[in-house]
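*Asks:* File work39.cif below, mmCIF, C-alpha atoms:
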```
data_query
#
loop_
_atom_site.label_atom_id
_atom_site.label_comp_id
_atom_site.auth_asym_id
_atom_site.auth_seq_id
_atom_site.Cartn_x
_atom_site.Cartn_y
_atom_site.Cartn_z
CA MET A 1 0.00 0.00 0.00
CA VAL A 2 1.23 3.50 -0.76
CA ILE A 3 -0.08 6.76 0.65
CA CYS A 4 0.49 9.81 -1.55
CA VAL A 5 0.94 12.94 0.54
CA GLN A 6 0.78 16.07 -1.58
CA PHE A 7 2.85 18.69 0.12
CA TRP A 8 2.43 21.89 -1.86
CA MET A 9 3.46 20.81 -5.35
CA ARG A 10 5.57 17.88 -4.25
CA VAL A 11 4.07 14.47 -3.83
CA ALA A 12 5.70 12.26 -1.24
CA MET A 13 5.20 8.51 -1.48
CA ILE A 14 4.64 6.95 1.91
CA LYS A 15 4.89 3.20 1.57
CA VAL A 16 2.95 1.09 4.08
CA LEU A 17 4.02 -2.49 4.75
CA THR A 18 3.24 -5.00 7.45
CA GLY A 19 5.70 -7.28 9.21
CA LYS A 20 4.31 -10.16 7.13
CA GLU A 21 5.79 -8.50 4.04
CA ARG A 22 9.37 -8.45 5.32
CA ALA A 23 10.50 -11.31 3.16
CA ASP A 24 9.01 -9.76 0.02
CA SER A 25 10.57 -6.34 0.77
CA TRP A 26 13.78 -7.68 2.21
CA ALA A 27 16.04 -4.87 0.92
CA LEU A 28 13.84 -2.11 2.31
CA PHE A 29 13.63 -3.73 5.74
CA GLU A 30 17.38 -4.29 5.75
CA GLN A 31 17.85 -0.61 5.10
CA LEU A 32 15.43 0.20 7.92
CA PHE A 33 17.04 -2.02 10.54
CA ARG A 34 20.53 -0.75 9.72
CA LEU A 35 19.34 2.86 9.86
CA ARG A 36 17.72 2.16 13.23
CA HIS A 37 20.99 0.71 14.48
CA ASP A 38 22.90 3.80 13.38
CA ILE A 39 20.46 6.20 14.94
CA PHE A 40 19.44 4.53 18.19
CA ILE A 41 22.55 2.60 19.15
CA LYS A 42 25.44 4.51 17.61
CA GLN A 43 24.15 8.07 17.75
CA ARG A 44 21.74 8.14 20.66
CA ASN A 45 23.59 5.51 22.67
CA TRP A 46 20.42 3.73 23.73
CA SER A 47 20.83 0.73 25.97
CA ILE A 48 18.87 -1.68 23.80
CA PRO A 49 19.97 -5.10 22.57
CA SER A 50 22.34 -4.62 19.72
CA ARG A 51 23.06 -7.29 17.14
CA LEU A 52 26.58 -7.80 15.97
CA ASP A 53 25.36 -7.68 12.37
CA GLY A 54 24.62 -3.94 12.65
CA ARG A 55 20.81 -4.22 12.63
CA GLU A 56 18.42 -3.07 15.32
CA ILE A 57 15.47 -5.47 15.57
CA ASP A 58 13.39 -5.98 18.68
CA GLU A 59 10.55 -8.22 19.85
CA TYR A 60 7.96 -5.77 18.49
CA ASP A 61 9.06 -6.19 14.90
CA VAL A 62 6.32 -8.78 14.44
CA ASP A 63 4.02 -9.80 11.59
CA GLU A 64 1.25 -7.56 12.92
CA ALA A 65 3.45 -4.46 12.98
CA VAL A 66 2.75 -1.76 10.39
CA TYR A 67 5.67 0.19 8.95
CA LEU A 68 5.39 3.54 7.21
CA PHE A 69 8.29 4.54 4.96
CA ASP A 70 8.90 7.94 3.41
CA LEU A 71 11.22 7.20 0.47
CA ASP A 72 13.16 9.50 -1.80
CA ASP A 73 13.40 9.11 -5.57
CA LEU A 74 16.20 6.56 -5.18
CA GLY A 75 14.23 4.42 -2.76
CA ARG A 76 16.22 5.52 0.28
CA ILE A 77 14.43 5.88 3.59
CA VAL A 78 13.90 9.52 4.50
CA ALA A 79 11.66 8.77 7.49
CA SER A 80 9.94 5.82 9.06
CA VAL A 81 7.69 4.88 11.95
CA ARG A 82 6.43 1.55 13.25
CA LEU A 83 2.89 1.04 14.50
CA THR A 84 1.96 -2.00 16.59
CA PRO A 85 -1.48 -3.15 17.78
CA THR A 86 -1.28 -2.79 21.54
CA GLU A 87 -3.39 -5.86 22.23
CA CYS A 88 -0.45 -8.03 21.27
CA CYS A 89 2.56 -5.70 21.30
CA SER A 90 3.06 -2.80 23.66
CA LEU A 91 6.44 -1.60 24.83
CA LEU A 92 4.63 0.78 27.14
CA ALA A 93 2.70 -2.01 28.85
CA ASP A 94 5.64 -4.44 28.98
CA CYS A 95 8.51 -2.18 29.99
CA PHE A 96 7.19 1.25 30.99
CA PRO A 97 3.88 0.72 32.85
CA HIS A 98 5.05 3.19 35.52
CA LEU A 99 4.67 5.99 32.95
CA ILE A 100 0.89 5.56 33.04
CA GLU A 101 -0.53 7.43 36.01
CA ASN A 102 -4.04 8.25 34.87
CA GLY A 103 -5.50 4.77 35.35
CA GLN A 104 -5.92 4.05 31.64
CA SER A 105 -4.93 0.73 30.15
CA PRO A 106 -2.06 0.80 27.67
CA ARG A 107 -3.78 -1.92 25.61
CA GLY A 108 -6.96 -1.75 23.58
CA PRO A 109 -8.38 -2.88 20.23
CA ASP A 110 -8.40 0.71 18.97
CA ILE A 111 -5.01 1.77 20.34
CA TYR A 112 -1.83 1.44 18.29
CA GLU A 113 1.64 2.25 19.50
CA GLY A 114 3.95 4.39 17.39
CA MET A 115 7.62 3.63 17.98
CA ARG A 116 11.01 3.72 16.28
CA PHE A 117 10.25 7.06 14.71
CA ILE A 118 13.29 8.06 12.64
CA PHE A 119 14.33 10.32 9.85
CA ALA A 120 17.55 10.39 7.83
CA PRO A 121 20.22 12.15 9.90
CA THR A 122 21.70 14.01 6.93
CA LEU A 123 18.57 16.02 6.16
CA PRO A 124 18.82 19.83 6.44
CA ARG A 125 16.72 21.21 9.30
CA ASP A 126 13.87 22.65 7.20
CA GLU A 127 13.54 19.49 5.17
CA ALA A 128 13.69 17.35 8.34
CA ARG A 129 10.78 19.35 9.71
CA GLN A 130 8.68 18.81 6.59
CA VAL A 131 9.56 15.11 6.52
CA ARG A 132 8.55 14.77 10.15
CA ILE A 133 5.16 16.37 9.51
CA ARG A 134 4.58 14.19 6.44
CA ILE A 135 5.20 10.92 8.21
CA LEU A 136 3.12 11.98 11.22
CA TYR A 137 0.30 13.02 8.89
CA ALA A 138 0.43 9.71 7.03
CA MET A 139 0.49 7.82 10.33
CA VAL A 140 -2.62 9.60 11.65
CA ARG A 141 -4.37 9.21 8.33
CA TRP A 142 -3.65 5.48 8.17
CA CYS A 143 -5.05 5.06 11.69
CA ILE A 144 -8.23 6.99 10.84
CA ASP A 145 -8.78 4.82 7.79
CA HIS A 146 -8.33 1.66 9.88
CA ASN A 147 -10.64 2.79 12.70
CA ILE A 148 -7.84 3.21 15.21
CA ALA A 149 -8.88 5.75 17.84
CA TRP A 150 -5.55 6.45 19.55
CA ILE A 151 -1.86 6.46 18.77
CA GLN A 152 0.30 6.18 21.86
CA GLY A 153 4.00 6.56 22.30
CA ILE A 154 6.87 7.22 24.66
CA THR A 155 9.16 10.16 24.07
CA ASP A 156 11.83 12.22 25.72
CA VAL A 157 10.23 15.11 27.58
CA GLU A 158 12.04 17.60 25.31
CA TYR A 159 10.33 16.10 22.24
CA PHE A 160 7.00 15.92 24.09
CA ARG A 161 6.86 19.72 24.02
CA SER A 162 7.15 19.70 20.25
CA PHE A 163 4.26 17.20 20.03
CA VAL A 164 2.15 19.63 22.07
CA ASP A 165 3.30 22.42 19.79
CA ILE A 166 1.94 20.43 16.85
CA THR A 167 -1.39 19.75 18.51
CA ILE A 168 -2.80 20.71 21.90
CA ARG A 169 -4.84 17.46 21.67
CA THR A 170 -1.68 15.60 22.81
CA THR A 171 -2.63 13.82 26.03
CA PRO A 172 0.03 12.87 28.60
CA LEU A 173 -0.64 9.55 30.36
CA GLY A 174 1.44 10.54 33.41
CA LEU A 175 4.39 12.64 34.51
CA ALA A 176 7.88 12.29 33.13
CA HIS A 177 10.21 9.72 34.69
CA PRO A 178 13.99 9.40 34.43
CA TYR A 179 15.60 6.81 32.18
CA ALA A 180 19.19 5.62 31.86
CA GLY A 181 20.27 7.47 34.98
CA GLY A 182 18.27 10.63 34.44
CA LYS A 183 19.04 14.01 32.90
CA THR A 184 22.53 14.33 34.29
CA ALA A 185 23.75 10.91 33.09
CA PRO A 186 25.30 10.49 29.62
CA GLY A 187 22.62 9.09 27.32
CA GLY A 188 20.00 9.57 30.05
CA GLY A 189 16.98 11.83 30.30
CA GLU A 190 13.33 11.89 31.23
CA CYS A 191 10.61 10.20 29.22
CA ILE A 192 6.84 10.52 29.14
CA ALA A 193 3.99 8.45 27.69
CA PHE A 194 1.33 10.20 25.66
CA ARG A 195 -1.47 9.68 23.17
CA TRP A 196 -2.79 11.42 20.10
CA PRO A 197 -6.37 10.92 18.99
CA ALA A 198 -6.42 9.58 15.44
CA SER A 199 -8.75 12.31 14.24
CA ARG A 200 -9.28 14.89 11.50
CA ASP A 201 -8.68 17.63 14.06
CA VAL A 202 -5.12 16.35 14.49
CA LEU A 203 -4.70 16.26 10.70
CA ASP A 204 -5.82 19.90 10.60
CA ASP A 205 -3.39 20.76 13.37
CA LEU A 206 -0.56 19.13 11.41
CA CYS A 207 -1.45 21.23 8.37
CA THR A 208 -1.50 24.37 10.49
CA TYR A 209 1.83 23.43 12.01
CA ALA A 210 3.27 23.04 8.54
CA ARG A 211 2.00 26.58 7.84
CA ARG A 212 -0.03 25.50 4.87
CA GLU A 213 -3.50 26.82 4.14
CA ARG A 214 -4.45 23.94 1.98
CA GLN A 215 -5.14 20.45 3.18
CA PHE A 216 -2.79 17.70 2.23
CA ALA A 217 -4.19 15.70 -0.64
CA ILE A 218 -4.12 12.09 0.31
CA SER A 219 -4.77 9.11 -1.87
CA PHE A 220 -4.12 5.45 -1.50
CA THR A 221 -2.70 3.22 -4.15
CA HIS A 222 -2.16 -0.51 -3.87
CA MET B 223 -6.90 24.33 28.74
CA GLN B 224 -7.51 22.11 25.74
CA ARG B 225 -11.13 23.28 25.65
CA ALA B 226 -10.79 26.96 26.61
CA SER B 227 -10.44 29.52 23.83
CA ASP B 228 -10.76 32.94 25.50
CA PHE B 229 -7.39 34.49 26.38
CA ASP B 230 -8.47 35.84 29.79
CA GLU B 231 -10.20 32.57 30.62
CA ILE B 232 -7.01 30.68 29.83
CA CYS B 233 -4.91 33.09 31.92
CA ALA B 234 -7.30 32.56 34.82
CA GLU B 235 -7.12 28.78 34.40
CA ILE B 236 -3.32 28.89 34.31
CA THR B 237 -3.17 31.10 37.39
CA LYS B 238 -5.43 28.68 39.27
CA GLU B 239 -3.26 25.68 38.33
CA LEU B 240 -0.02 27.43 39.23
CA GLU B 241 -1.35 28.50 42.62
CA TRP B 242 -1.24 24.86 43.71
CA PHE B 243 2.53 25.15 43.57
CA GLY B 244 2.77 28.55 45.23
CA LEU B 245 3.41 30.26 41.87
CA THR B 246 1.67 33.61 41.67
CA ALA B 247 2.62 34.97 38.25
CA PHE B 248 3.84 33.89 34.82
CA THR B 249 5.20 35.19 31.56
CA SER B 250 4.96 33.62 28.14
CA LEU B 251 7.38 34.64 25.40
CA SER B 252 7.68 33.78 21.74
CA ASN B 253 10.70 33.62 19.44
CA VAL B 254 13.27 34.56 22.08
CA GLY B 255 16.67 35.19 20.60
CA PRO B 256 19.54 37.60 19.93
CA GLY B 257 18.40 41.08 18.96
CA ARG B 258 14.88 40.52 20.27
CA THR B 259 13.73 42.64 23.20
CA MET B 260 11.31 41.70 25.95
CA VAL B 261 8.59 43.72 24.23
CA ASP B 262 9.22 41.89 20.95
CA CYS B 263 8.78 38.47 22.59
CA LEU B 264 6.19 38.93 25.32
CA PHE B 265 2.63 37.84 24.65
CA ALA B 266 1.32 37.03 28.12
CA ASN B 267 2.38 38.45 31.45
CA THR B 268 0.80 38.45 34.90
CA ARG B 269 3.79 39.76 36.83
CA PRO B 270 3.16 43.05 38.67
CA GLU B 271 2.84 45.80 36.10
CA GLU B 272 5.26 48.19 37.81
CA TYR B 273 7.91 45.48 37.88
CA SER B 274 7.34 44.57 34.23
CA LEU B 275 7.53 48.16 33.03
CA ARG B 276 10.72 48.72 34.98
CA TYR B 277 12.21 45.50 33.58
CA VAL B 278 11.54 46.68 30.02
CA ALA B 279 12.55 50.31 30.58
CA LYS B 280 15.89 49.37 32.15
CA ASN B 281 16.45 46.63 29.58
CA TYR B 282 17.11 44.04 32.27
CA ILE B 283 16.88 41.32 29.64
CA GLU B 284 20.49 42.11 28.76
CA ILE B 285 21.83 41.40 32.26
CA ASP B 286 19.19 39.17 33.86
CA PRO B 287 21.10 36.07 35.11
CA ILE B 288 18.10 33.89 34.18
CA VAL B 289 18.28 35.05 30.57
CA THR B 290 22.06 34.63 30.58
CA GLU B 291 21.65 31.01 31.68
CA LEU B 292 19.01 30.38 29.01
CA ARG B 293 21.40 31.66 26.36
CA ARG B 294 24.10 29.39 27.72
CA LYS B 295 22.06 26.20 27.74
CA VAL B 296 18.54 25.46 26.56
CA ARG B 297 17.04 23.45 29.41
CA THR B 298 14.49 23.83 32.21
CA PHE B 299 15.94 25.32 35.36
CA SER B 300 14.87 27.13 38.50
CA TRP B 301 16.04 30.59 39.47
CA THR B 302 17.56 29.19 42.67
CA GLU B 303 19.71 26.80 40.61
CA VAL B 304 21.13 29.74 38.68
CA ARG B 305 21.89 31.71 41.85
CA ASN B 306 23.65 28.68 43.36
CA MET B 307 25.63 27.96 40.20
CA ARG B 308 28.02 30.90 40.34
CA PRO B 309 28.58 34.20 42.17
CA MET B 310 26.21 36.91 40.96
CA THR B 311 27.51 40.26 39.78
CA LYS B 312 26.34 43.38 41.58
CA ARG B 313 23.84 44.22 38.80
CA GLU B 314 22.52 40.67 38.76
CA ARG B 315 21.99 40.77 42.52
CA TRP B 316 20.11 44.06 42.06
CA ILE B 317 17.70 42.44 39.59
CA ILE B 318 17.14 39.53 41.97
CA GLU B 319 16.43 41.90 44.88
CA GLU B 320 13.99 43.92 42.80
CA GLY B 321 12.13 40.75 41.92
CA ARG B 322 11.90 39.82 45.60
CA ASP B 323 10.43 43.24 46.40
CA PHE B 324 7.56 42.31 44.09
CA GLY B 325 7.08 38.84 45.57
CA LEU B 326 9.02 37.09 42.81
CA ARG B 327 11.75 35.16 44.56
CA ASP B 328 11.91 31.89 42.67
CA GLY B 329 10.53 30.41 39.49
CA LEU B 330 11.04 28.05 36.62
CA THR B 331 12.23 28.86 33.13
CA ILE B 332 10.90 26.36 30.60
CA PRO B 333 12.20 26.63 27.03
CA ILE B 334 9.87 25.34 24.32
CA PRO B 335 11.25 24.93 20.78
CA ASN B 336 8.67 26.18 18.28
CA ALA B 337 7.60 25.38 14.73
CA SER B 338 9.94 27.93 13.17
CA GLY B 339 12.96 26.52 14.94
CA MET B 340 13.22 29.34 17.44
CA LEU B 341 12.66 29.28 21.17
CA ASP B 342 9.56 30.12 23.17
CA VAL B 343 9.77 30.42 26.94
CA PHE B 344 7.21 29.97 29.69
CA SER B 345 8.22 31.14 33.15
CA PRO B 346 6.04 30.85 36.26
CA CYS B 347 7.29 32.44 39.49
CA GLY B 348 6.37 33.31 43.05
CA LEU B 349 7.68 34.09 46.50
CA GLU B 350 8.32 30.57 47.85
CA PRO B 351 6.99 28.10 45.32
CA ASN B 352 7.14 24.33 45.58
CA LEU B 353 9.72 23.34 42.98
CA SER B 354 10.45 19.81 44.17
CA GLU B 355 11.37 17.25 41.52
CA ARG B 356 7.82 15.91 41.30
CA ALA B 357 6.35 19.41 41.21
CA ARG B 358 8.70 20.36 38.39
CA GLN B 359 7.68 17.33 36.37
CA ALA B 360 4.04 18.32 36.73
CA LEU B 361 4.77 21.98 36.00
CA GLU B 362 6.66 21.18 32.81
CA ILE B 363 3.54 19.56 31.44
CA ILE B 364 1.17 22.26 32.73
CA CYS B 365 3.32 25.07 31.39
CA THR B 366 3.79 23.42 27.99
CA PHE B 367 0.02 23.24 27.55
CA ALA B 368 -0.49 26.69 29.07
CA HIS B 369 1.85 28.24 26.53
CA LYS B 370 0.21 26.49 23.61
CA ALA B 371 -3.32 27.37 24.78
CA LEU B 372 -2.36 31.06 25.07
CA GLN B 373 -0.83 31.07 21.61
CA LEU B 374 -3.88 29.46 20.04
CA SER B 375 -6.27 31.88 21.70
CA LEU B 376 -4.25 34.87 20.47
CA ILE B 377 -4.18 33.51 16.94
CA GLU B 378 -7.94 32.99 17.05
CA LYS B 379 -8.48 36.44 18.52
CA SER B 380 -6.41 38.10 15.79
CA ARG B 381 -8.26 36.17 13.15
CA GLN B 382 -11.74 37.08 14.45
CA ALA B 383 -11.43 40.67 15.44
CA PRO B 384 -9.52 43.10 13.25
CA HIS B 385 -8.51 45.92 15.56
CA GLN B 386 -9.39 49.59 15.24
CA SER B 387 -6.47 51.71 14.10
CA LEU B 388 -4.82 53.94 16.69
CA THR B 389 -4.53 57.69 16.33
CA PRO B 390 -1.04 59.17 15.96
CA ARG B 391 -1.25 60.45 19.55
CA GLU B 392 -2.23 57.03 20.88
CA ARG B 393 0.72 55.47 19.08
CA GLU B 394 3.09 58.10 20.43
CA ILE B 395 1.91 57.53 23.99
CA LEU B 396 2.25 53.76 23.69
CA LYS B 397 5.84 54.13 22.56
CA TRP B 398 6.59 56.09 25.74
CA VAL B 399 4.78 53.47 27.80
CA ALA B 400 6.94 50.80 26.16
CA ILE B 401 10.09 52.39 27.56
CA GLY B 402 8.63 52.66 31.03
CA LYS B 403 7.36 56.23 31.29
CA THR B 404 4.51 57.01 33.69
CA ASP B 405 1.48 59.07 32.70
CA ASP B 406 2.96 62.08 34.49
CA GLU B 407 6.28 61.75 32.65
CA ILE B 408 4.58 61.30 29.30
CA GLY B 409 2.40 64.35 30.02
CA MET B 410 5.51 66.45 30.65
CA ILE B 411 7.19 65.20 27.49
CA LEU B 412 4.14 65.92 25.34
CA SER B 413 3.11 69.08 27.23
CA VAL B 414 -0.30 67.75 28.14
CA SER B 415 -1.85 66.75 31.45
CA ALA B 416 -1.46 63.28 32.95
CA GLU B 417 -5.25 62.91 32.72
CA THR B 418 -5.11 63.49 28.96
CA VAL B 419 -2.40 60.85 28.65
CA HIS B 420 -4.51 58.46 30.69
CA THR B 421 -7.54 59.04 28.46
CA HIS B 422 -5.58 58.43 25.26
CA LEU B 423 -4.13 55.29 26.78
CA LYS B 424 -7.53 54.03 27.85
CA HIS B 425 -8.83 54.47 24.29
CA ALA B 426 -5.80 52.66 22.86
CA MET B 427 -6.23 49.77 25.30
CA ARG B 428 -9.89 49.43 24.34
CA LYS B 429 -9.06 49.40 20.62
CA LEU B 430 -6.37 46.78 21.18
CA ASP B 431 -8.56 44.78 23.55
CA ALA B 432 -5.88 44.98 26.20
CA GLY B 433 -6.58 44.95 29.92
CA ARG B 434 -3.08 46.07 30.85
CA ARG B 435 -0.65 48.66 29.54
CA THR B 436 2.09 46.14 28.88
CA TYR B 437 -0.27 43.97 26.86
CA ALA B 438 -1.42 47.02 24.91
CA VAL B 439 2.21 47.55 23.90
CA VAL B 440 2.49 43.91 22.84
CA GLN B 441 -0.69 44.14 20.77
CA ALA B 442 0.36 47.42 19.19
CA LEU B 443 3.64 45.85 18.10
CA ARG B 444 1.87 42.78 16.81
CA PHE B 445 -0.53 44.84 14.68
CA GLY B 446 2.25 47.05 13.42
CA GLU B 447 0.84 50.17 15.09
CA ILE B 448 4.21 50.89 16.70
CA SER B 449 7.71 49.70 16.06
CA PHE B 450 11.21 50.38 17.36
#
```
As structure tokens, please, write out the structure in this file.

*Replies:*
Amino acid sequence: MVICVQFWMRVAMIKVLTGKERADSWALFEQLFRLRHDIFIKQRNWSIPSRLDGREIDEYDVDEAVYLFDLDDLGRIVASVRLTPTECCSLLADCFPHLIENGQSPRGPDIYEGMRFIFAPTLPRDEARQVRIRILYAMVRWCIDHNIAWIQGITDVEYFRSFVDITIRTTPLGLAHPYAGGKTAPGGGECIAFRWPASRDVLDDLCTYARRERQFAISFTH
Amino acid sequence: MQRASDFDEICAEITKELEWFGLTAFTSLSNVGPGRTMVDCLFANTRPEEYSLRYVAKNYIEIDPIVTELRRKVRTFSWTEVRNMRPMTKRERWIIEEGRDFGLRDGLTIPIPNASGMLDVFSPCGLEPNLSERARQALEIICTFAHKALQLSLIEKSRQAPHQSLTPREREILKWVAIGKTDDEIGMILSVSAETVHTHLKHAMRKLDAGRRTYAVVQALRFGEISF
């Protein structure tokens, strides 16, 4: 499946694949897992299991996972995000339940979890911003079309502010908690769990954030 | 805050939330950066008016140790942390003492990167607020939403209600207000009575839908009625 996101005069092709399609799109997934390794393990120094083969793959890269890829003209990944159905796969429920302080369950048939959000590190700042909005827009749009009510995630508290800047409909699930030794430790910080409603209001907010008057034109091709 | 849309209603809601932590005032600034003055950046302020006008008139933004720290490192910090970090200069101590005289002894400075890549800042303060670790975590969330709600309400307000243009005299008086002059001082400069100044200012505030002089200056700048 491909989502076309028209951004002004430029059409970005957001490819949507499930975990079941890994074998058929082997090269693309290879690229993804190596890029994830570079970004999360080498650059951000995350303490997550690292394979010796230079790929970052975790227990949530399952058949049911949904991957969105923003690709350039040469088929290189510009941005990507992974969505998992929380009923079977939830990092928040399994490893970070303490981040939920409002009594809500991290799992539900209409809640998907957005994780491993990346974009190519070599992008200039303005382009990175546009790419980020595009992939978020496509993610929300995919969820709306598949009757998903909420997208939840975990983010560093510094990035949480930018999610609120995009849309005030961002809902924190609790306060921030330290990770990896806290703010003063190398590679440490504070993280927070939050949700976005998968709604047209959030799509509108993304358009406003991108400072565009016109709506994105979205179409699906198979 | 997600539901409220009226600027004053949002300010009241924010004030109520902050009171839980012993915070009695706040400022909200947009696009803070080199070459930008306090008046350029300020879009919400509930600190005592006399203090705010003095801060702008004496250009404290250039020597305020809080601002200096924000320029040094973009992170959330309390005013007490800054004072404990290094010895204050005599001018910095003066600014701190002035703040205390107005019941502003400690506060938080929360930087918020914005859509255009610049920095917004939300800063609540009070005499002896609760800024424990847990309180700070809660306040970071509250203040992030507070800032966004204020911004949205101002955008909506600007969109709905085109303002009435100011007269040349009203513009002139607002410029003097912006640099901290009182009605008496402005009257002497313009060779009119303080009452006349007050009347012109009242008309300008009504046209700009501003309840306070400082906010009238902010609105006038935003609408291009005055510039520096």

*Asks:* Based on only C-alpha atoms, which of the residues in chain B come within 7 Å of chain A? I want them as JSON, numbers by chain.

*Replies:* {"B": [224, 334, 335, 336, 337, 359, 360, 366, 367, 370]}

*Asks:* Those residues with C-alpha atoms, as a short mmCIF file (atom, residue, chain, number, x, y, z; two decimals), in the coordinates of the input please?

*Replies:*
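New file selection.cif:
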```
data_model
loop_
_atom_site.label_atom_id
_atom_site.label_comp_id
_atom_site.auth_asym_id
_atom_site.auth_seq_id
_atom_site.Cartn_x
_atom_site.Cartn_y
_atom_site.Cartn_z
CA GLN B 224 -7.51 22.11 25.74
CA ILE B 334 9.87 25.34 24.32
CA PRO B 335 11.25 24.93 20.78
CA ASN B 336 8.67 26.18 18.28
CA ALA B 337 7.60 25.38 14.73
CA GLN B 359 7.68 17.33 36.37
CA ALA B 360 4.04 18.32 36.73
CA THR B 366 3.79 23.42 27.99
CA PHE B 367 0.02 23.24 27.55
CA LYS B 370 0.21 26.49 23.61
#
```

*Asks:* Of the candidates B:Thr268, B:Ile364, B:Arg297, B:Gly402, which shows the shortest atom-to-atom distance to Thr184 in chain A, using all atoms listed in the file?

*Replies:*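 Nearest candidate to Thr184 in chain A out of B:Thr268, B:Ile364, B:Arg297, B:Gly402: B:Arg297.
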
*Asks:* Give me the result of the PyMOL selection byres ((chain B and resi 389) around 12) on this file, residue by residue, as a count of residues only.

*Replies:* 18

*Asks:* Spell out the residues picked by the PyMOL selection byres ((chain A and resi 76-91) around 9) here, as a compact mmCIF listing (two decimals) with C-alpha atoms, keeping the file's coordinate frame.

*Replies:*
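Once written, out_25.txt looks like this:
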```txt
# COMPACT_ATOMS: atom_id res chain seq x y z
CA ILE A 14 4.64 6.95 1.91
CA LEU A 28 13.84 -2.11 2.31
CA GLN A 31 17.85 -0.61 5.10
CA LEU A 32 15.43 0.20 7.92
CA LEU A 35 19.34 2.86 9.86
CA GLU A 59 10.55 -8.22 19.85
CA TYR A 60 7.96 -5.77 18.49
CA ASP A 61 9.06 -6.19 14.90
CA VAL A 62 6.32 -8.78 14.44
CA GLU A 64 1.25 -7.56 12.92
CA ALA A 65 3.45 -4.46 12.98
CA VAL A 66 2.75 -1.76 10.39
CA TYR A 67 5.67 0.19 8.95
CA LEU A 68 5.39 3.54 7.21
CA PHE A 69 8.29 4.54 4.96
CA ASP A 70 8.90 7.94 3.41
CA LEU A 71 11.22 7.20 0.47
CA ASP A 72 13.16 9.50 -1.80
CA ASP A 73 13.40 9.11 -5.57
CA LEU A 74 16.20 6.56 -5.18
CA GLY A 75 14.23 4.42 -2.76
CA LEU A 92 4.63 0.78 27.14
CA ALA A 93 2.70 -2.01 28.85
CA ASP A 94 5.64 -4.44 28.98
CA CYS A 95 8.51 -2.18 29.99
CA PHE A 96 7.19 1.25 30.99
CA PRO A 97 3.88 0.72 32.85
CA PRO A 106 -2.06 0.80 27.67
CA ARG A 107 -3.78 -1.92 25.61
CA GLY A 108 -6.96 -1.75 23.58
CA PRO A 109 -8.38 -2.88 20.23
CA ASP A 110 -8.40 0.71 18.97
CA ILE A 111 -5.01 1.77 20.34
CA TYR A 112 -1.83 1.44 18.29
CA GLU A 113 1.64 2.25 19.50
CA GLY A 114 3.95 4.39 17.39
CA MET A 115 7.62 3.63 17.98
CA ARG A 116 11.01 3.72 16.28
CA PHE A 117 10.25 7.06 14.71
CA ILE A 118 13.29 8.06 12.64
CA PHE A 119 14.33 10.32 9.85
CA ALA A 120 17.55 10.39 7.83
CA PRO A 121 20.22 12.15 9.90
CA LEU A 123 18.57 16.02 6.16
CA ALA A 128 13.69 17.35 8.34
CA VAL A 131 9.56 15.11 6.52
CA ARG A 132 8.55 14.77 10.15
CA ARG A 134 4.58 14.19 6.44
CA ILE A 135 5.20 10.92 8.21
CA LEU A 136 3.12 11.98 11.22
CA MET A 139 0.49 7.82 10.33
CA ILE A 151 -1.86 6.46 18.77
CA GLY A 153 4.00 6.56 22.30
CA ILE A 154 6.87 7.22 24.66
```

*Asks:* Which of these residues is nearest to Ile236 in chain B, using only C-alpha atoms: B:Leu361, B:Val439, B:Met307, B:Val254?

*Replies:*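 Comparing B:Leu361, B:Val439, B:Met307, B:Val254 against Ile236 in chain B, the winner is B:Leu361.
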
*Asks:* Which residues are near range 346-349 of chain B? Cut-off 9 Å, all atoms listed in the file, ignore same chain within fewer than 3 positions. Put them as a list of chain:residue names.

*Replies:*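 Contacts, in chain order: B:Leu240, B:Gly244, B:Leu245, B:Thr246, B:Ala247, B:Phe248, B:Thr249, B:Ser250, B:Arg269, B:Trp301, B:Arg322, B:Phe324, B:Gly325, B:Leu326, B:Arg327, B:Asp328, B:Gly329, B:Leu330, B:Thr331, B:Ile332, B:Leu361, B:Cys365.
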
*Asks:* Any idea what the distance is between CA of Tyr282 in chain B and CA of Gly446 in chain B?

*Replies:* 24.2 Å

*Asks:* Rank nothing, just name the residue among A:Trp150, A:Glu56, A:Ser105, A:Leu99 nearest to Ile39 in chain A, using only C-alpha atoms.

*Replies:*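 Of the candidates, the smallest distance to Ile39 in chain A is held by A:Glu56.
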
*Asks:* Just to confirm, what's the straight-line distance from CA of Glu21 in chain A to CA of Phe40 in chain A in Å (one decimal)?

*Replies:*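 According to the coordinates, CA of Glu21 in chain A and CA of Phe40 in chain A are separated by 23.6 Å.
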
*Asks:* Give me, please, the distance in Å between CA of Gln373 in chain B and CA of Thr208 in chain A, quoted to one decimal.

*Replies:*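 The value is 13.0 Å.
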
*Asks:* Residues proximal to (1.9, 48.2, 36.3) were defined as those with any atom within 8 Å of that point in the file's coordinates, counting all atoms listed in the file. Which are they, as a VMD selection string?

*Replies:* chain B and resid 270 to 275 434 to 436

*Asks:* Within 9 Å of (-2.3, 61.6, 31.8) in the file's own coordinates, which protein, DNA or RNA residues have an atom, counting all atoms listed in the file? List them as a list in words.

*Replies:*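 Nearby residues: Thr404, Asp405, Asp406, Glu407, Ile408, Gly409, Val414, Ser415, Ala416, Glu417, Thr418, Val419, His420, Thr421, His422 and Leu423 of chain B.
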
*Asks:* Using only C-alpha atoms, which of the listed residues (B:Glu231, B:Glu291, B:Asp323, B:Glu303) sits closest to Ser375 in chain B?

*Replies:*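 Counting only C-alpha atoms, the residue closest to Ser375 in chain B is B:Glu231.
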